[in-house]
>>> print(open('my_file27.csv').read())   # CSV, C-alpha atoms (C1' of nucleotides)
chain,number,residue,atom,x,y,z
N,1,MET,CA,59.1,-97.9,-149.3
N,2,ASP,CA,59.4,-97.8,-145.5
N,3,MET,CA,58.4,-100.6,-143.2
N,4,PHE,CA,55.3,-99.1,-141.7
N,5,ASN,CA,53.7,-98.2,-145.1
N,6,LEU,CA,54.5,-101.6,-146.6
N,7,MET,CA,52.8,-103.3,-143.7
N,8,ILE,CA,49.7,-101.0,-143.5
N,9,ASN,CA,49.2,-101.2,-147.2
N,10,GLN,CA,49.3,-105.0,-147.0
N,11,PHE,CA,47.2,-105.5,-143.9
N,12,GLY,CA,45.4,-102.3,-143.0
N,13,ALA,CA,44.9,-101.1,-139.4
N,14,GLN,CA,44.9,-103.8,-136.7
N,15,HIS,CA,42.9,-102.0,-134.1
N,16,TRP,CA,44.9,-103.0,-131.1
N,17,TRP,CA,44.9,-103.6,-128.1
N,18,PRO,CA,42.1,-106.0,-127.7
N,19,GLY,CA,40.4,-104.9,-124.4
N,20,ASP,CA,37.6,-102.6,-123.3
N,21,THR,CA,39.2,-101.2,-120.2
N,22,GLU,CA,42.7,-100.2,-119.0
N,23,LEU,CA,42.6,-103.0,-116.4
N,24,GLU,CA,41.7,-105.6,-119.0
N,25,MET,CA,44.6,-104.4,-121.2
N,26,MET,CA,47.0,-104.6,-118.3
N,27,ALA,CA,45.8,-108.1,-117.3
N,28,GLY,CA,46.2,-109.1,-121.0
N,29,ALA,CA,49.8,-107.9,-121.0
N,30,ILE,CA,50.7,-110.3,-118.2
N,31,LEU,CA,48.6,-113.2,-119.6
N,32,THR,CA,50.0,-113.0,-123.1
N,33,GLN,CA,53.6,-113.5,-122.0
N,34,ASN,CA,55.0,-116.2,-124.3
N,35,THR,CA,51.4,-117.2,-125.0
N,36,SER,CA,49.0,-116.9,-128.0
N,37,TRP,CA,46.3,-114.3,-127.7
N,38,LYS,CA,43.7,-117.0,-128.4
N,39,ASN,CA,44.4,-118.7,-125.1
N,40,VAL,CA,44.6,-115.3,-123.3
N,41,ASP,CA,41.2,-114.5,-124.6
N,42,LYS,CA,39.7,-117.5,-122.9
N,43,ALA,CA,41.3,-116.5,-119.6
N,44,ILE,CA,40.0,-112.9,-119.9
N,45,ALA,CA,36.5,-114.2,-120.7
N,46,ASN,CA,36.5,-116.3,-117.5
N,47,LEU,CA,37.5,-113.2,-115.5
N,48,LYS,CA,34.8,-111.1,-117.2
N,49,ASP,CA,32.1,-113.7,-116.7
N,50,LYS,CA,32.7,-113.8,-113.0
N,51,GLY,CA,33.0,-110.1,-112.6
N,52,LEU,CA,36.6,-110.4,-111.5
N,53,LEU,CA,38.1,-107.8,-113.8
N,54,ASP,CA,38.1,-105.2,-111.1
N,55,ILE,CA,41.0,-104.0,-108.9
N,56,GLU,CA,39.3,-104.6,-105.6
N,57,ARG,CA,37.9,-108.0,-106.5
N,58,LEU,CA,41.3,-109.1,-107.8
N,59,TYR,CA,43.1,-107.7,-104.8
N,60,ASN,CA,40.9,-109.8,-102.5
N,61,LEU,CA,41.0,-113.0,-104.6
N,62,PRO,CA,43.5,-115.7,-103.5
N,63,PRO,CA,46.2,-116.5,-106.0
N,64,ALA,CA,45.0,-120.2,-106.2
N,65,ALA,CA,41.5,-119.1,-107.2
N,66,LEU,CA,42.8,-116.6,-109.7
N,67,ALA,CA,45.0,-119.4,-111.2
N,68,GLU,CA,41.9,-121.5,-111.9
N,69,GLU,CA,40.3,-118.7,-113.8
N,70,ILE,CA,43.3,-118.0,-116.0
N,71,ARG,CA,44.2,-121.7,-116.6
N,72,PRO,CA,43.7,-121.6,-120.4
N,73,ALA,CA,46.4,-118.9,-120.7
N,74,GLY,CA,49.1,-121.4,-119.5
N,75,TYR,CA,51.7,-120.8,-116.8
N,76,PHE,CA,48.6,-120.1,-114.7
N,77,ASN,CA,50.3,-120.4,-111.3
N,78,ILE,CA,53.0,-118.0,-112.0
N,79,LYS,CA,50.8,-115.6,-113.9
N,80,ALA,CA,48.3,-115.5,-111.1
N,81,VAL,CA,51.1,-114.3,-108.8
N,82,ARG,CA,52.3,-111.8,-111.4
N,83,LEU,CA,48.8,-110.4,-111.9
N,84,LYS,CA,48.4,-110.2,-108.1
N,85,ASN,CA,51.7,-108.4,-107.9
N,86,LEU,CA,50.6,-105.8,-110.5
N,87,ILE,CA,47.3,-105.3,-108.6
N,88,ASN,CA,49.1,-104.9,-105.3
N,89,PHE,CA,51.3,-102.3,-107.0
N,90,LEU,CA,48.2,-100.3,-108.1
N,91,VAL,CA,46.7,-100.5,-104.7
N,92,GLU,CA,49.8,-99.7,-102.8
N,93,GLN,CA,51.2,-97.0,-105.1
N,94,TYR,CA,48.0,-95.5,-106.5
N,95,SER,CA,45.4,-96.3,-103.9
N,96,GLY,CA,43.8,-98.8,-106.4
N,97,ASP,CA,42.8,-95.7,-108.4
N,98,MET,CA,43.3,-96.4,-112.1
N,99,SER,CA,42.8,-92.8,-113.2
N,100,LEU,CA,45.5,-91.8,-110.7
N,101,PHE,CA,47.9,-94.4,-112.2
N,102,LEU,CA,47.0,-93.3,-115.8
N,103,SER,CA,47.8,-89.7,-115.0
N,104,ASP,CA,51.3,-90.3,-113.6
N,105,LYS,CA,54.4,-89.4,-115.6
N,106,THR,CA,55.7,-91.9,-118.1
N,107,GLU,CA,59.2,-92.3,-116.7
N,108,ARG,CA,57.8,-92.9,-113.2
N,109,LEU,CA,55.2,-95.3,-114.5
N,110,ARG,CA,57.8,-97.4,-116.3
N,111,GLU,CA,60.1,-97.4,-113.3
N,112,GLY,CA,57.3,-98.5,-111.1
N,113,LEU,CA,56.0,-101.2,-113.4
N,114,LEU,CA,59.5,-102.7,-113.8
N,115,SER,CA,59.8,-102.9,-110.1
N,116,VAL,CA,56.8,-105.4,-110.1
N,117,LYS,CA,58.0,-109.0,-110.1
N,118,GLY,CA,56.7,-110.5,-113.3
N,119,VAL,CA,56.6,-107.3,-115.3
N,120,GLY,CA,59.6,-107.0,-117.6
N,121,PRO,CA,60.4,-104.4,-120.3
N,122,GLU,CA,57.9,-105.7,-122.9
N,123,THR,CA,55.0,-106.1,-120.5
N,124,ALA,CA,55.7,-102.6,-119.0
N,125,ASP,CA,55.9,-101.0,-122.4
N,126,SER,CA,52.8,-102.7,-123.6
N,127,ILE,CA,50.9,-101.3,-120.6
N,128,LEU,CA,52.4,-97.8,-121.2
N,129,LEU,CA,51.5,-97.8,-124.9
N,130,TYR,CA,48.2,-99.6,-125.0
N,131,ALA,CA,46.6,-98.9,-121.6
N,132,ALA,CA,48.2,-95.6,-120.7
N,133,ARG,CA,48.4,-94.5,-124.4
N,134,ARG,CA,52.0,-93.1,-124.1
N,135,ALA,CA,54.3,-92.8,-127.1
N,136,VAL,CA,56.4,-95.8,-126.1
N,137,PHE,CA,57.6,-98.3,-128.7
N,138,VAL,CA,57.1,-101.9,-127.8
N,139,ILE,CA,59.7,-104.5,-128.7
N,140,ASP,CA,58.9,-108.2,-128.8
N,141,ALA,CA,60.4,-111.4,-130.2
N,142,TYR,CA,58.8,-110.8,-133.6
N,143,THR,CA,60.5,-107.3,-133.8
N,144,TYR,CA,63.9,-108.9,-133.1
N,145,ARG,CA,63.2,-111.7,-135.6
N,146,ILE,CA,62.1,-109.5,-138.5
N,147,LEU,CA,64.9,-107.0,-138.1
N,148,TYR,CA,67.6,-109.6,-137.5
N,149,ARG,CA,66.5,-111.7,-140.5
N,150,HIS,CA,66.6,-108.7,-142.8
N,151,GLY,CA,70.1,-107.8,-141.6
N,152,ILE,CA,69.1,-104.6,-139.9
N,153,ILE,CA,70.4,-105.5,-136.4
N,154,GLU,CA,72.9,-107.7,-134.7
N,155,ASP,CA,71.6,-110.6,-132.6
N,156,GLN,CA,73.1,-109.3,-129.3
N,157,ILE,CA,71.2,-106.0,-129.4
N,158,THR,CA,69.4,-105.2,-126.2
N,159,TYR,CA,65.8,-104.5,-125.7
N,160,ASP,CA,66.4,-100.9,-124.8
N,161,GLU,CA,68.8,-100.4,-127.8
N,162,LEU,CA,66.2,-101.8,-130.3
N,163,LYS,CA,63.5,-99.7,-128.7
N,164,GLU,CA,65.7,-96.6,-129.1
N,165,LEU,CA,66.4,-97.4,-132.7
N,166,PHE,CA,62.7,-97.1,-133.5
N,167,GLU,CA,61.9,-94.2,-131.2
N,168,SER,CA,64.9,-92.1,-132.5
N,169,ASN,CA,63.8,-92.7,-136.2
N,170,LEU,CA,60.1,-92.1,-135.8
N,171,PRO,CA,57.9,-89.2,-134.7
N,172,ALA,CA,56.9,-89.8,-131.1
N,173,GLU,CA,53.2,-90.4,-131.8
N,174,GLU,CA,51.2,-92.9,-129.7
N,175,GLY,CA,48.9,-93.8,-132.5
N,176,LEU,CA,51.8,-94.5,-134.8
N,177,PHE,CA,53.6,-96.7,-132.3
N,178,ASN,CA,50.4,-98.5,-131.5
N,179,GLU,CA,49.7,-99.5,-135.1
N,180,PHE,CA,53.4,-100.1,-135.9
N,181,HIS,CA,53.8,-102.8,-133.2
N,182,ALA,CA,50.4,-104.4,-134.1
N,183,LEU,CA,51.5,-104.6,-137.7
N,184,ILE,CA,54.8,-106.2,-136.8
N,185,VAL,CA,53.0,-109.0,-135.0
N,186,ARG,CA,50.6,-109.4,-137.9
N,187,THR,CA,53.4,-109.5,-140.5
N,188,ALA,CA,55.4,-112.0,-138.5
N,189,LYS,CA,52.5,-114.3,-138.0
N,190,GLU,CA,51.7,-114.3,-141.7
N,191,PHE,CA,55.2,-114.6,-143.1
N,192,CYS,CA,57.8,-115.6,-140.5
N,193,LYS,CA,56.8,-119.2,-139.9
N,194,GLY,CA,59.7,-121.6,-140.3
N,195,LYS,CA,62.1,-120.3,-142.9
N,196,PRO,CA,65.0,-118.0,-141.8
N,197,LEU,CA,64.0,-115.4,-144.4
N,198,CYS,CA,60.7,-115.8,-146.3
N,199,GLY,CA,60.7,-115.1,-150.0
N,200,GLN,CA,57.1,-114.0,-149.8
N,201,CYS,CA,57.8,-111.4,-147.1
N,202,PRO,CA,56.2,-108.1,-148.1
N,203,LEU,CA,59.1,-106.4,-146.4
N,204,ASN,CA,61.7,-107.7,-148.9
N,205,GLY,CA,63.6,-104.7,-150.3
N,206,TRP,CA,62.2,-102.4,-147.6
N,207,GLU,CA,63.8,-99.6,-145.6
N,208,LEU,CA,63.3,-99.2,-141.9
N,209,VAL,CA,62.1,-95.6,-142.2
I,210,DC,C1',54.8,-137.0,-132.4
I,211,DA,C1',57.4,-132.3,-131.9
I,212,DC,C1',57.2,-127.5,-131.8
I,213,DC,C1',55.6,-122.9,-130.9
I,214,DA,C1',53.0,-118.9,-128.8
I,215,DG,C1',52.5,-110.8,-128.4
I,216,DG,C1',58.3,-113.2,-121.4
I,217,DC,C1',60.2,-113.3,-117.1
I,218,DA,C1',62.8,-114.6,-113.1
I,219,DA,C1',65.7,-117.8,-110.8
I,220,DG,C1',69.4,-120.8,-110.9
I,221,DT,C1',74.1,-122.0,-112.3
I,222,DA,C1',79.1,-121.4,-113.1
R,223,DT,C1',78.2,-111.3,-116.5
R,224,DA,C1',76.3,-114.9,-119.6
R,225,DC,C1',73.8,-118.8,-120.4
R,226,DT,C1',70.2,-122.3,-119.0
R,227,DT,C1',65.8,-123.8,-117.2
R,228,DG,C1',61.0,-123.8,-115.4
R,229,DC,C1',56.6,-122.3,-116.1
R,230,DA,C1',51.8,-125.0,-119.0
R,231,DT,C1',47.7,-124.7,-122.1
R,232,DG,C1',46.1,-125.2,-126.8
R,233,DG,C1',46.8,-125.1,-131.7
R,234,DT,C1',49.3,-126.9,-136.0
>>> encode(input="my_file27.csv", output="structure tokens")
Amino acid sequence: MDMFNLMINQFGAQHWWPGDTELEMMAGAILTQNTSWKNVDKAIANLKDKGLLDIERLYNLPPAALAEEIRPAGYFNIKAVRLKNLINFLVEQYSGDMSLFLSDKTERLREGLLSVKGVGPETADSILLYAARRAVFVIDAYTYRILYRHGIIEDQITYDELKELFESNLPAEEGLFNEFHALIVRTAKEFCKGKPLCGQCPLNGWELV
DNA sequence: CACCAGGCAAGTA
DNA sequence: TACTTGCATGGT
């Protein structure tokens, strides 16, 4: 059986991305860089509680004050600057208008996001897939690990190459890419702790597509 | 106690 | 170009 069906049979739908608004999902994409979602959740709760999850409020908030609110997410000083950079980008390129940002073309959005310091390929693609709901496949460390351990890819494969491997072998459907990435994270969390290749892995004997 | 978590940029040679 | 290092809290 193929990878997607093995995972969804095992775990069911994951209902990603956690977040009620596009801005919340975008902030979460920065905050979760190399950080567990549990810690990110506390940081987002702080922002929500103080009514700061708003483009204008964040734009006018000093980085040091933002850093205090997002402290539980770790790397708080650098993430405060990164989040400010992303907000500045929205204000300067889209007049701080989220609907304007969300209606732009995918290629232009990705190029713009990648020009923001602190937004790399995974963060940009997470924003495109989960906030802007584009059919963009998100690659992360779990995706590399699972495919590498199962002998599907070489370790020196690039982000864009691995992304292309999925996108060229799957129908370009946003809903599918959303669930697929969430299931990869779920599967890795359950079965990829420690051992190079877990004997319990539900993907043993699988096919990519 | 060590190690990891839904990365990224800057520094080094 | 190809590594290496800093960033930092919270859970196991």
>>> closest_atom_pairs(input="my_file27.csv", of="chain R", to="chain N", cutoff="7 Å", atoms="all atoms listed in the file", output="Markdown table")
| residue | atom | partner | partner_atom | distance |
| --- | --- | --- | --- | --- |
| R:DC229 | C1' | N:Tyr75 | CA | 5.2 |
| R:DA230 | C1' | N:Gly74 | CA | 4.5 |
| R:DT231 | C1' | N:Gly74 | CA | 4.4 |
| R:DG232 | C1' | N:Asn39 | CA | 6.9 |
>>> atom_distance(input="my_file27.csv", atom1="atom CA of N:Ala45", atom2="atom CA of N:Leu113")
24.5 Å
>>> interface_residues(input="my_file27.csv", of="chain N", to="chain I", cutoff="7 Å", atoms="all atoms listed in the file", output="JSON list (two decimals) with C-alpha atoms, in the coordinates of the input")
[["chain", "number", "residue", "atom", "x", "y", "z"],
["N", 32, "THR", "CA", 50.00, -113.00, -123.10],
["N", 33, "GLN", "CA", 53.60, -113.50, -122.00],
["N", 34, "ASN", "CA", 55.00, -116.20, -124.30],
["N", 35, "THR", "CA", 51.40, -117.20, -125.00],
["N", 36, "SER", "CA", 49.00, -116.90, -128.00],
["N", 118, "GLY", "CA", 56.70, -110.50, -113.30],
["N", 120, "GLY", "CA", 59.60, -107.00, -117.60],
["N", 140, "ASP", "CA", 58.90, -108.20, -128.80],
["N", 185, "VAL", "CA", 53.00, -109.00, -135.00]]
>>> residues_around(input="my_file27.csv", residues="N:Val136", least_positions_apart="2", cutoff="12 Å", atoms="only C-alpha atoms (C1' of nucleotides)", output="PyMOL selection string")
chain N and resi 106-107+109-110+121-134+138-139+160+163-164+166-168+170-181
>>> write_last_selection(input="my_file27.csv", atoms="C-alpha atoms", output="compact mmCIF listing (two decimals), in the coordinates of the input")
# COMPACT_ATOMS: atom_id res chain seq x y z
CA THR N 106 55.70 -91.90 -118.10
CA GLU N 107 59.20 -92.30 -116.70
CA LEU N 109 55.20 -95.30 -114.50
CA ARG N 110 57.80 -97.40 -116.30
CA PRO N 121 60.40 -104.40 -120.30
CA GLU N 122 57.90 -105.70 -122.90
CA THR N 123 55.00 -106.10 -120.50
CA ALA N 124 55.70 -102.60 -119.00
CA ASP N 125 55.90 -101.00 -122.40
CA SER N 126 52.80 -102.70 -123.60
CA ILE N 127 50.90 -101.30 -120.60
CA LEU N 128 52.40 -97.80 -121.20
CA LEU N 129 51.50 -97.80 -124.90
CA TYR N 130 48.20 -99.60 -125.00
CA ALA N 131 46.60 -98.90 -121.60
CA ALA N 132 48.20 -95.60 -120.70
CA ARG N 133 48.40 -94.50 -124.40
CA ARG N 134 52.00 -93.10 -124.10
CA VAL N 138 57.10 -101.90 -127.80
CA ILE N 139 59.70 -104.50 -128.70
CA ASP N 160 66.40 -100.90 -124.80
CA LYS N 163 63.50 -99.70 -128.70
CA GLU N 164 65.70 -96.60 -129.10
CA PHE N 166 62.70 -97.10 -133.50
CA GLU N 167 61.90 -94.20 -131.20
CA SER N 168 64.90 -92.10 -132.50
CA LEU N 170 60.10 -92.10 -135.80
CA PRO N 171 57.90 -89.20 -134.70
CA ALA N 172 56.90 -89.80 -131.10
CA GLU N 173 53.20 -90.40 -131.80
CA GLU N 174 51.20 -92.90 -129.70
CA GLY N 175 48.90 -93.80 -132.50
CA LEU N 176 51.80 -94.50 -134.80
CA PHE N 177 53.60 -96.70 -132.30
CA ASN N 178 50.40 -98.50 -131.50
CA GLU N 179 49.70 -99.50 -135.10
CA PHE N 180 53.40 -100.10 -135.90
CA HIS N 181 53.80 -102.80 -133.20
>>> atom_distance(input="my_file27.csv", atom1="atom CA of N:Ala141", atom2="atom CA of N:Met3")
17.0 Å
>>> atom_distance(input="my_file27.csv", atom1="atom CA of N:Glu207", atom2="atom CA of N:Ile8")
14.3 Å
>>> residues_near_point(input="my_file27.csv", point="(53.1, -113.8, -138.4)", cutoff="12 Å", atoms="all atoms listed in the file", output="NGL selection string")
(:N and (7 or 11 or 36 or 141-143 or 145-146 or 182-195 or 198 or 201-202)) or (:I and (214-215))
>>> build_atoms(input="my_file27.csv", residues="stretch 171-205 of chain N", atoms="N, CA and C atoms", output="PDB file, in the frame of the given file")
ATOM      1  N   PRO N 171      58.541 -90.200-135.519  1.00  0.00           N
ATOM      2  CA  PRO N 171      57.900 -89.200-134.700  1.00  0.00           C
ATOM      3  C   PRO N 171      57.252 -89.826-133.476  1.00  0.00           C
ATOM      4  N   ALA N 172      57.380 -89.196-132.316  1.00  0.00           N
ATOM      5  CA  ALA N 172      56.900 -89.800-131.100  1.00  0.00           C
ATOM      6  C   ALA N 172      55.370 -89.650-130.962  1.00  0.00           C
ATOM      7  N   GLU N 173      54.669 -90.470-131.734  1.00  0.00           N
ATOM      8  CA  GLU N 173      53.200 -90.400-131.800  1.00  0.00           C
ATOM      9  C   GLU N 173      52.627 -91.753-131.280  1.00  0.00           C
ATOM     10  N   GLU N 174      51.814 -91.675-130.266  1.00  0.00           N
ATOM     11  CA  GLU N 174      51.200 -92.900-129.700  1.00  0.00           C
ATOM     12  C   GLU N 174      50.448 -93.712-130.711  1.00  0.00           C
ATOM     13  N   GLY N 175      49.673 -93.045-131.546  1.00  0.00           N
ATOM     14  CA  GLY N 175      48.900 -93.800-132.500  1.00  0.00           C
ATOM     15  C   GLY N 175      49.747 -94.514-133.538  1.00  0.00           C
ATOM     16  N   LEU N 176      50.849 -93.898-133.922  1.00  0.00           N
ATOM     17  CA  LEU N 176      51.800 -94.500-134.800  1.00  0.00           C
ATOM     18  C   LEU N 176      52.438 -95.761-134.197  1.00  0.00           C
ATOM     19  N   PHE N 177      52.912 -95.622-132.959  1.00  0.00           N
ATOM     20  CA  PHE N 177      53.600 -96.700-132.300  1.00  0.00           C
ATOM     21  C   PHE N 177      52.626 -97.885-132.017  1.00  0.00           C
ATOM     22  N   ASN N 178      51.393 -97.541-131.696  1.00  0.00           N
ATOM     23  CA  ASN N 178      50.400 -98.500-131.500  1.00  0.00           C
ATOM     24  C   ASN N 178      50.187 -99.407-132.733  1.00  0.00           C
ATOM     25  N   GLU N 179      49.954 -98.752-133.858  1.00  0.00           N
ATOM     26  CA  GLU N 179      49.700 -99.500-135.100  1.00  0.00           C
ATOM     27  C   GLU N 179      50.946-100.193-135.610  1.00  0.00           C
ATOM     28  N   PHE N 180      52.100 -99.570-135.401  1.00  0.00           N
ATOM     29  CA  PHE N 180      53.400-100.100-135.900  1.00  0.00           C
ATOM     30  C   PHE N 180      53.625-101.493-135.209  1.00  0.00           C
ATOM     31  N   HIS N 181      53.502-101.530-133.904  1.00  0.00           N
ATOM     32  CA  HIS N 181      53.800-102.800-133.200  1.00  0.00           C
ATOM     33  C   HIS N 181      52.755-103.871-133.577  1.00  0.00           C
ATOM     34  N   ALA N 182      51.482-103.469-133.676  1.00  0.00           N
ATOM     35  CA  ALA N 182      50.400-104.400-134.100  1.00  0.00           C
ATOM     36  C   ALA N 182      50.721-104.997-135.452  1.00  0.00           C
ATOM     37  N   LEU N 183      51.193-104.161-136.352  1.00  0.00           N
ATOM     38  CA  LEU N 183      51.500-104.600-137.700  1.00  0.00           C
ATOM     39  C   LEU N 183      52.689-105.520-137.766  1.00  0.00           C
ATOM     40  N   ILE N 184      53.676-105.284-136.894  1.00  0.00           N
ATOM     41  CA  ILE N 184      54.800-106.200-136.800  1.00  0.00           C
ATOM     42  C   ILE N 184      54.388-107.575-136.424  1.00  0.00           C
ATOM     43  N   VAL N 185      53.523-107.650-135.421  1.00  0.00           N
ATOM     44  CA  VAL N 185      53.000-109.000-135.000  1.00  0.00           C
ATOM     45  C   VAL N 185      52.237-109.630-136.101  1.00  0.00           C
ATOM     46  N   ARG N 186      51.388-108.869-136.757  1.00  0.00           N
ATOM     47  CA  ARG N 186      50.600-109.400-137.900  1.00  0.00           C
ATOM     48  C   ARG N 186      51.472-109.930-138.984  1.00  0.00           C
ATOM     49  N   THR N 187      52.462-109.136-139.371  1.00  0.00           N
ATOM     50  CA  THR N 187      53.400-109.500-140.500  1.00  0.00           C
ATOM     51  C   THR N 187      54.150-110.760-140.126  1.00  0.00           C
ATOM     52  N   ALA N 188      54.661-110.821-138.897  1.00  0.00           N
ATOM     53  CA  ALA N 188      55.400-112.000-138.500  1.00  0.00           C
ATOM     54  C   ALA N 188      54.577-113.247-138.487  1.00  0.00           C
ATOM     55  N   LYS N 189      53.353-113.124-138.008  1.00  0.00           N
ATOM     56  CA  LYS N 189      52.500-114.300-138.000  1.00  0.00           C
ATOM     57  C   LYS N 189      52.177-114.816-139.369  1.00  0.00           C
ATOM     58  N   GLU N 190      52.061-113.915-140.311  1.00  0.00           N
ATOM     59  CA  GLU N 190      51.700-114.300-141.700  1.00  0.00           C
ATOM     60  C   GLU N 190      52.937-114.884-142.424  1.00  0.00           C
ATOM     61  N   PHE N 191      54.126-114.314-142.174  1.00  0.00           N
ATOM     62  CA  PHE N 191      55.200-114.600-143.100  1.00  0.00           C
ATOM     63  C   PHE N 191      56.505-115.170-142.414  1.00  0.00           C
ATOM     64  N   CYS N 192      56.591-115.218-141.112  1.00  0.00           N
ATOM     65  CA  CYS N 192      57.800-115.600-140.500  1.00  0.00           C
ATOM     66  C   CYS N 192      57.785-117.053-139.898  1.00  0.00           C
ATOM     67  N   LYS N 193      56.828-117.850-140.347  1.00  0.00           N
ATOM     68  CA  LYS N 193      56.800-119.200-139.900  1.00  0.00           C
ATOM     69  C   LYS N 193      57.867-120.038-140.532  1.00  0.00           C
ATOM     70  N   GLY N 194      58.755-120.631-139.711  1.00  0.00           N
ATOM     71  CA  GLY N 194      59.700-121.600-140.300  1.00  0.00           C
ATOM     72  C   GLY N 194      60.965-120.945-140.859  1.00  0.00           C
ATOM     73  N   LYS N 195      60.929-120.637-142.117  1.00  0.00           N
ATOM     74  CA  LYS N 195      62.100-120.300-142.900  1.00  0.00           C
ATOM     75  C   LYS N 195      62.876-119.075-142.231  1.00  0.00           C
ATOM     76  N   PRO N 196      64.210-119.086-142.338  1.00  0.00           N
ATOM     77  CA  PRO N 196      65.000-118.000-141.800  1.00  0.00           C
ATOM     78  C   PRO N 196      64.618-116.647-142.468  1.00  0.00           C
ATOM     79  N   LEU N 197      64.420-116.637-143.765  1.00  0.00           N
ATOM     80  CA  LEU N 197      64.000-115.400-144.400  1.00  0.00           C
ATOM     81  C   LEU N 197      63.006-115.799-145.523  1.00  0.00           C
ATOM     82  N   CYS N 198      61.776-115.357-145.359  1.00  0.00           N
ATOM     83  CA  CYS N 198      60.700-115.800-146.300  1.00  0.00           C
ATOM     84  C   CYS N 198      60.712-114.998-147.555  1.00  0.00           C
ATOM     85  N   GLY N 199      60.740-115.708-148.680  1.00  0.00           N
ATOM     86  CA  GLY N 199      60.700-115.100-150.000  1.00  0.00           C
ATOM     87  C   GLY N 199      59.466-114.292-150.268  1.00  0.00           C
ATOM     88  N   GLN N 200      58.383-114.665-149.582  1.00  0.00           N
ATOM     89  CA  GLN N 200      57.100-114.000-149.800  1.00  0.00           C
ATOM     90  C   GLN N 200      56.952-112.735-148.954  1.00  0.00           C
ATOM     91  N   CYS N 201      57.927-112.506-148.071  1.00  0.00           N
ATOM     92  CA  CYS N 201      57.800-111.400-147.100  1.00  0.00           C
ATOM     93  C   CYS N 201      57.550-110.078-147.801  1.00  0.00           C
ATOM     94  N   PRO N 202      56.490-109.388-147.433  1.00  0.00           N
ATOM     95  CA  PRO N 202      56.200-108.100-148.100  1.00  0.00           C
ATOM     96  C   PRO N 202      57.226-107.028-147.736  1.00  0.00           C
ATOM     97  N   LEU N 203      58.127-107.355-146.793  1.00  0.00           N
ATOM     98  CA  LEU N 203      59.100-106.400-146.400  1.00  0.00           C
ATOM     99  C   LEU N 203      60.434-106.525-147.212  1.00  0.00           C
ATOM    100  N   ASN N 204      60.520-107.508-148.114  1.00  0.00           N
ATOM    101  CA  ASN N 204      61.700-107.700-148.900  1.00  0.00           C
ATOM    102  C   ASN N 204      61.979-106.389-149.727  1.00  0.00           C
ATOM    103  N   GLY N 205      63.213-105.877-149.633  1.00  0.00           N
ATOM    104  CA  GLY N 205      63.600-104.700-150.300  1.00  0.00           C
ATOM    105  C   GLY N 205      63.104-103.388-149.660  1.00  0.00           C
TER     106      GLY N 205
END
